[in-house]
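Here is the structure we will look at.
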Amino acid sequence: MYGTQGKRDIASELQAQIPILRPSIHARRANITVKFQDIYGFIVEGNVDDVNVLNEVREKVRQQGKVWWAMEASKGANWYLQTQVSPTLKSSLKFSALTNAITLKGLIRKGIPPVLRPKIWFALSGAAKKKSTVPESYYNDLTKAVEGKVTAATRQIDHDLPRTFPGHPWLDTPEGQASLRRVLVGYSFRDSDVGYCQGLNYVAALLLLVMKTEEDAFWMLAVLLENVLVHDCYSQNLSGCHVEQRVFKDLLVKKCPKIAAHLEALEFDVSLVATEWFLCLFSKSLPSETTLRVWDVLFYEGATVLFHIALAIFKMKEEELLMVHHVGDVINILQTTTHHLFDPDELLTVAFDKIGSMKITAISKERKKQEPAVMAELDERLRRLNSLKEDDK
């Protein structure tokens with residue numbers, strides 16, 4: 001099902017991938033919960049209004065696909081690679097590259113058509129370049145070399161495989177789990193500092209569904225952890241993730257001050273929900289089609305998009321959040337919101353238009369500012385843990 005694809009008519013494939021959802025006549029008459037399968041095989045629960053939203057979104061995807069085909073027809077199949085403005089380029093070529101870059105950014109924020117997603121992600125993320133630096137047989141050689149080896153990482157991977165999107169028609173099969181295992185185990189040996197961290201199973205699983213082949217999913221995982229995301233996000237002590245949480249809390253105060261003040265009064269720690277968002281890159285929280293729209297931007301613009309999305313979720317529910325007075329209600333609002341965010345355009349509009357811009361330099365400066373406090377906190381935790389171990393002897 002998810003092996004190498006043959007050559008097919010792209011427009012026809014896009015139409016086939018995006019079916020119109022039609023609830024039964026009984027479901028239409030009664031506003032009850034219905035179940036349906038999205039284009040990546042996940043069973044989704046929602047009401048008829050959610051189905052209508054999804055159909056509207058899918059129609060937008062079809063129209064957006066026409067724009068991409070038109071761009072390929074006028075500029076060439078790989079026009080999106082011609083976006084680097086180099087000092088050595090002639091003035092006319094510089095203008096063309098700049099125009100392509102501006103056009104591409106706008107198109108990506110509106111969504112990459114599912115059939116084009118694998119090749120565009122692979123090219124723009126840097127995965128293709130990373131793969132080109134090693135022998136062609138690298139992935140096959142790696143998986144063969146580590147076959148049968150047992151480590152703490154492989155044991156945790158084996159424990160998590162059955163819990164990774166249970167019920168999915170491919171991932172929850174022996175074939176799907178074996179494929180996911182090879183990707184995760186292979187990477188755990190490629191980068192022993194990361195090894196394996198819970199959360200990566202969901203990320204790698206979704207990459208497999210999009211990229212279709214294990215090898216491409218492996219290189220997308222590699223570029224994600226080594227180039228796109230913050231260093232040490234998935235290290236043993238999760239120091240990078242802790243830094244991101246502190247930066248996010250600071251941004252929440254700046255971008256959504258009323259919400260931040262209210263949550264502080266409730267003694268609600270936003271990391272209770274945001275840690276999973278950042279570790280799983282929203283793959284466990286948002287519907288898959290919405291998650292992948294976020295990832296479209298992530299692989300092109302970088303990790304700051306995660307802050308935009310997390311802030312947008314809070315911003316979208318500002319009025320409701322300000323009305324509640326219990327931590328449990330806050331969590332319920334946020335979980336319900338994320339699970340029913342079927343319209344990625346609504347989310348991304350809030351994320352970029354209402355939240356406003358965030359300079360990468362400012363984010364980087366804030367990260368560096370937070371690092372010492374995080375490392376001191378982690379060191380203190382380690383000292384306490386070692387002390388408890390000594391007391392138990």
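Lettering and numbering for the structure tokens are positional, with chains as A, B, ... in the shown order, residues counted from 1 in each chain, and ligands counted from 1 in the shown order.
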
From a DSSP calculation on the backbone, collect every residue of region 55-169 of chain A in alpha helix (DSSP H) and output the set as a PyMOL selection string.
-> chain A and resi 55-75+91-110+117-124+127-131+138-146+152-160

Please provide as a count of residues only all residues within 7 Å of region 311-313 of chain A, with the sequence filter that same-chain residues fewer than 2 positions apart are discarded (counting only C-alpha atoms).
-> 11

Between A:Gly356, A:Leu266, A:His340, A:Leu124, single out the one closest to Glu45 (chain A), counting only C-alpha atoms.
->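 Nearest to Glu45 (chain A): A:His340.
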
With a distance cut-off of 9 Å and only C-alpha atoms, select the neighbouring residues of region 258-260 of chain A, excluding the residue or stretch itself and same-chain residues fewer than 4 positions from it, and output the selection as a PyMOL selection string.
-> chain A and resi 249+252-254+264-265+314-315+318-319+321-322

For Ser364 (chain A), list every protein, DNA or RNA residue within 12 Å, evaluated using only C-alpha atoms, and leave out those in the same chain fewer than 2 positions away; present the list as a VMD selection string.
-> chain A and resid 230 to 231 243 to 244 247 303 to 304 358 to 362 366 to 371

Write the residues of the preceding selection, restricted to all heavy atoms, as a CSV table (one decimal), in the first residue's frame.
```
chain,number,residue,atom,x,y,z
A,230,VAL,N,14.8,22.4,17.0
A,230,VAL,CA,15.9,22.9,17.9
A,230,VAL,C,16.7,21.7,18.4
A,230,VAL,O,16.2,20.6,18.6
A,230,VAL,CB,15.2,23.5,19.2
A,230,VAL,CG1,16.3,23.8,20.2
A,230,VAL,CG2,14.6,24.8,18.8
A,231,HIS,N,18.0,21.9,18.5
A,231,HIS,CA,18.9,20.8,19.0
A,231,HIS,C,18.5,20.4,20.4
A,231,HIS,O,18.1,21.1,21.2
A,231,HIS,CB,20.3,21.4,19.0
A,231,HIS,CG,21.4,20.4,19.3
A,231,HIS,ND1,21.6,19.3,18.5
A,231,HIS,CD2,22.2,20.3,20.4
A,231,HIS,CE1,22.5,18.5,19.1
A,231,HIS,NE2,23.0,19.1,20.2
A,243,VAL,N,13.5,24.1,26.9
A,243,VAL,CA,13.7,25.4,26.4
A,243,VAL,C,12.6,26.0,25.6
A,243,VAL,O,12.1,27.1,25.8
A,243,VAL,CB,15.0,25.5,25.6
A,243,VAL,CG1,15.2,26.9,24.9
A,243,VAL,CG2,16.3,25.2,26.5
A,244,GLU,N,12.1,25.2,24.7
A,244,GLU,CA,10.9,25.6,23.9
A,244,GLU,C,9.7,25.9,24.7
A,244,GLU,O,9.0,26.9,24.4
A,244,GLU,CB,10.6,24.5,22.8
A,244,GLU,CG,11.7,24.3,21.8
A,244,GLU,CD,12.0,25.5,20.9
A,244,GLU,OE1,12.7,26.4,21.3
A,244,GLU,OE2,11.5,25.5,19.8
A,247,VAL,N,10.2,29.3,26.3
A,247,VAL,CA,10.1,30.4,25.2
A,247,VAL,C,8.6,30.6,24.9
A,247,VAL,O,8.1,31.7,24.8
A,247,VAL,CB,10.9,30.0,24.0
A,247,VAL,CG1,10.6,31.0,22.8
A,247,VAL,CG2,12.4,29.9,24.2
A,303,ALA,N,11.1,25.9,12.7
A,303,ALA,CA,10.5,25.5,13.9
A,303,ALA,C,9.6,26.6,14.6
A,303,ALA,O,8.8,26.3,15.4
A,303,ALA,CB,11.5,25.0,14.9
A,304,THR,N,9.8,27.9,14.1
A,304,THR,CA,9.0,29.0,14.7
A,304,THR,C,7.5,28.8,14.5
A,304,THR,O,6.7,29.3,15.2
A,304,THR,CB,9.4,30.3,14.2
A,304,THR,OG1,9.4,30.3,12.8
A,304,THR,CG2,10.9,30.7,14.7
A,358,MET,N,7.0,36.9,14.1
A,358,MET,CA,8.0,36.6,15.2
A,358,MET,C,9.4,36.4,14.5
A,358,MET,O,9.6,35.6,13.7
A,358,MET,CB,7.7,35.3,15.9
A,358,MET,CG,6.5,35.4,16.8
A,358,MET,SD,6.3,33.8,17.7
A,358,MET,CE,4.8,33.2,17.0
A,359,LYS,N,10.3,37.3,14.8
A,359,LYS,CA,11.6,37.3,14.2
A,359,LYS,C,12.4,36.1,14.7
A,359,LYS,O,12.5,35.9,15.9
A,359,LYS,CB,12.3,38.6,14.4
A,359,LYS,CG,11.7,39.8,13.8
A,359,LYS,CD,12.5,41.0,14.0
A,359,LYS,CE,11.9,42.2,13.2
A,359,LYS,NZ,12.7,43.5,13.4
A,360,ILE,N,13.0,35.4,13.8
A,360,ILE,CA,13.8,34.2,14.2
A,360,ILE,C,15.0,34.7,15.1
A,360,ILE,O,15.3,33.9,16.0
A,360,ILE,CB,14.4,33.6,12.9
A,360,ILE,CG1,13.2,33.0,12.1
A,360,ILE,CG2,15.4,32.4,13.3
A,360,ILE,CD1,13.7,32.4,10.8
A,361,THR,N,15.5,35.8,14.9
A,361,THR,CA,16.6,36.3,15.7
A,361,THR,C,16.2,36.5,17.1
A,361,THR,O,16.9,36.2,18.1
A,361,THR,CB,17.2,37.6,15.2
A,361,THR,OG1,16.1,38.6,15.0
A,361,THR,CG2,17.9,37.4,13.8
A,362,ALA,N,15.0,37.0,17.3
A,362,ALA,CA,14.4,37.3,18.7
A,362,ALA,C,14.1,35.9,19.4
A,362,ALA,O,14.4,35.8,20.6
A,362,ALA,CB,13.1,38.1,18.6
A,366,GLU,N,15.9,34.5,22.8
A,366,GLU,CA,15.2,34.0,23.9
A,366,GLU,C,15.5,32.6,24.3
A,366,GLU,O,15.6,32.3,25.5
A,366,GLU,CB,13.7,34.1,23.6
A,366,GLU,CG,12.7,33.8,24.8
A,366,GLU,CD,12.9,34.8,25.9
A,366,GLU,OE1,13.3,35.9,25.7
A,366,GLU,OE2,12.6,34.3,27.1
A,367,ARG,N,15.8,31.8,23.3
A,367,ARG,CA,16.3,30.4,23.6
A,367,ARG,C,17.6,30.4,24.4
A,367,ARG,O,17.7,29.7,25.4
A,367,ARG,CB,16.4,29.6,22.3
A,367,ARG,CG,15.1,29.2,21.7
A,367,ARG,CD,15.3,28.6,20.3
A,367,ARG,NE,14.1,28.1,19.7
A,367,ARG,CZ,13.8,28.0,18.4
A,367,ARG,NH1,14.7,28.5,17.5
A,367,ARG,NH2,12.7,27.5,17.9
A,368,LYS,N,18.5,31.2,23.9
A,368,LYS,CA,19.8,31.3,24.6
A,368,LYS,C,19.6,31.8,26.0
A,368,LYS,O,20.3,31.4,26.9
A,368,LYS,CB,20.8,32.2,23.8
A,368,LYS,CG,21.2,31.5,22.5
A,368,LYS,CD,22.2,32.4,21.8
A,368,LYS,CE,22.7,31.8,20.5
A,368,LYS,NZ,23.7,32.7,19.7
A,369,LYS,N,18.7,32.7,26.2
A,369,LYS,CA,18.4,33.3,27.5
A,369,LYS,C,17.9,32.2,28.5
A,369,LYS,O,18.2,32.2,29.7
A,369,LYS,CB,17.4,34.4,27.4
A,369,LYS,CG,17.0,35.0,28.7
A,369,LYS,CD,15.9,36.1,28.4
A,369,LYS,CE,15.3,36.6,29.7
A,369,LYS,NZ,14.2,37.6,29.5
A,370,GLN,N,17.1,31.3,27.9
A,370,GLN,CA,16.4,30.3,28.8
A,370,GLN,C,17.3,29.1,29.0
A,370,GLN,O,17.0,28.4,30.0
A,370,GLN,CB,15.1,29.9,28.1
A,370,GLN,CG,14.1,30.9,27.9
A,370,GLN,CD,13.5,31.4,29.3
A,370,GLN,OE1,13.7,30.8,30.3
A,370,GLN,NE2,12.7,32.5,29.2
A,371,GLU,N,18.3,28.8,28.2
A,371,GLU,CA,19.1,27.6,28.3
A,371,GLU,C,19.7,27.4,29.7
A,371,GLU,O,19.7,26.3,30.3
A,371,GLU,CB,20.1,27.6,27.2
A,371,GLU,CG,19.6,27.1,25.9
A,371,GLU,CD,20.6,27.2,24.8
A,371,GLU,OE1,21.8,27.6,25.1
A,371,GLU,OE2,20.2,26.9,23.6
```

Could you check which of A:Leu298, A:Val115, A:Leu334, A:Leu184 is closest to Asp158 (chain A), using only C-alpha atoms?
->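 Among the listed residues, A:Leu184 lies closest to Asp158 (chain A).
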
When distances are computed from only C-alpha atoms, which of A:Met211, A:Val324, A:Val194, A:Ala152 shows the smallest separation from Leu116 (chain A)?
-> A:Met211

Give the answer as one residue: which of A:Asp38, A:Val210, A:Pro162, A:Ala376 has the shortest atom-to-atom distance to His242 (chain A), using only C-alpha atoms?
->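 Looking only at the distances to His242 (chain A), the closest residue turns out to be A:Ala376.
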
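Here the question is which of A:Val273, A:Val223, A:Ala145, A:Leu200 gets nearest to Phe122 (chain A) using only C-alpha atoms, and that residue is A:Val223.
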
Please identify all polymer residues within 12 Å of Glu267 (chain A), counting only C-alpha atoms, omitting same-chain residues fewer than 3 positions from it, and present them as a ChimeraX atom specification.
-> /A:260-264,270-272,325-328,330

Please write the residues from the selection above to a file, keeping C-alpha atoms, as a short mmCIF file (atom, residue, chain, number, x, y, z; two decimals), in the first residue's frame.
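Below you can see out-v4.cif, which holds the result:
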```cif
data_model
loop_
_atom_site.label_atom_id
_atom_site.label_comp_id
_atom_site.auth_asym_id
_atom_site.auth_seq_id
_atom_site.Cartn_x
_atom_site.Cartn_y
_atom_site.Cartn_z
CA ALA A 260 -1.51 34.26 30.22
CA ALA A 261 -2.59 36.28 33.27
CA HIS A 262 -5.79 34.27 33.69
CA LEU A 263 -3.99 30.92 33.43
CA GLU A 264 -1.37 32.09 35.91
CA VAL A 270 0.71 25.52 29.76
CA SER A 271 3.36 22.83 29.36
CA LEU A 272 0.67 20.35 30.52
CA HIS A 325 -12.07 28.80 36.69
CA HIS A 326 -10.82 25.22 36.86
CA VAL A 327 -7.69 23.66 35.37
CA GLY A 328 -9.67 20.68 34.14
CA VAL A 330 -8.92 24.59 30.46
#
```

Give me the residues of region 204-230 of chain A that have any atom at most 12 Å from an atom of region 166-173 of chain A; for each, the nearest atom pair and the distance in Å, rounded to one decimal. Use only C-alpha atoms, sort by chain and number, and format it as a tab-separated table.
```
residue	atom	partner	partner_atom	distance
A:Ala204	CA	A:Leu171	CA	10.9
A:Ala205	CA	A:Leu171	CA	7.3
A:Leu206	CA	A:Leu171	CA	9.3
A:Leu207	CA	A:Leu171	CA	11.5
A:Leu208	CA	A:Leu171	CA	9.1
A:Leu209	CA	A:Leu171	CA	8.5
A:Lys212	CA	A:Trp170	CA	11.6
```

Name all residues at most 9 Å from Gly186 (chain A) (count only C-alpha atoms; drop same-chain ones fewer than 4 positions away) and give them as a ChimeraX atom specification.
-> /A:139,142-143,146-147,181-182,190-191,218

Output C-alpha atoms for every residue in the selection just made, as a compact mmCIF listing (two decimals), in the first residue's frame.
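again32.txt, freshly written:
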```
# COMPACT_ATOMS: atom_id res chain seq x y z
CA TYR A 139 19.61 3.18 4.50
CA LEU A 142 22.02 0.61 8.09
CA THR A 143 18.85 -1.44 8.55
CA VAL A 146 21.26 -3.14 13.12
CA GLU A 147 18.85 -6.02 12.51
CA ARG A 181 10.21 -0.07 13.48
CA ARG A 182 12.94 -0.11 10.80
CA ARG A 190 22.34 6.89 13.34
CA ASP A 191 22.14 9.33 16.27
CA PHE A 218 13.90 8.07 7.31
```
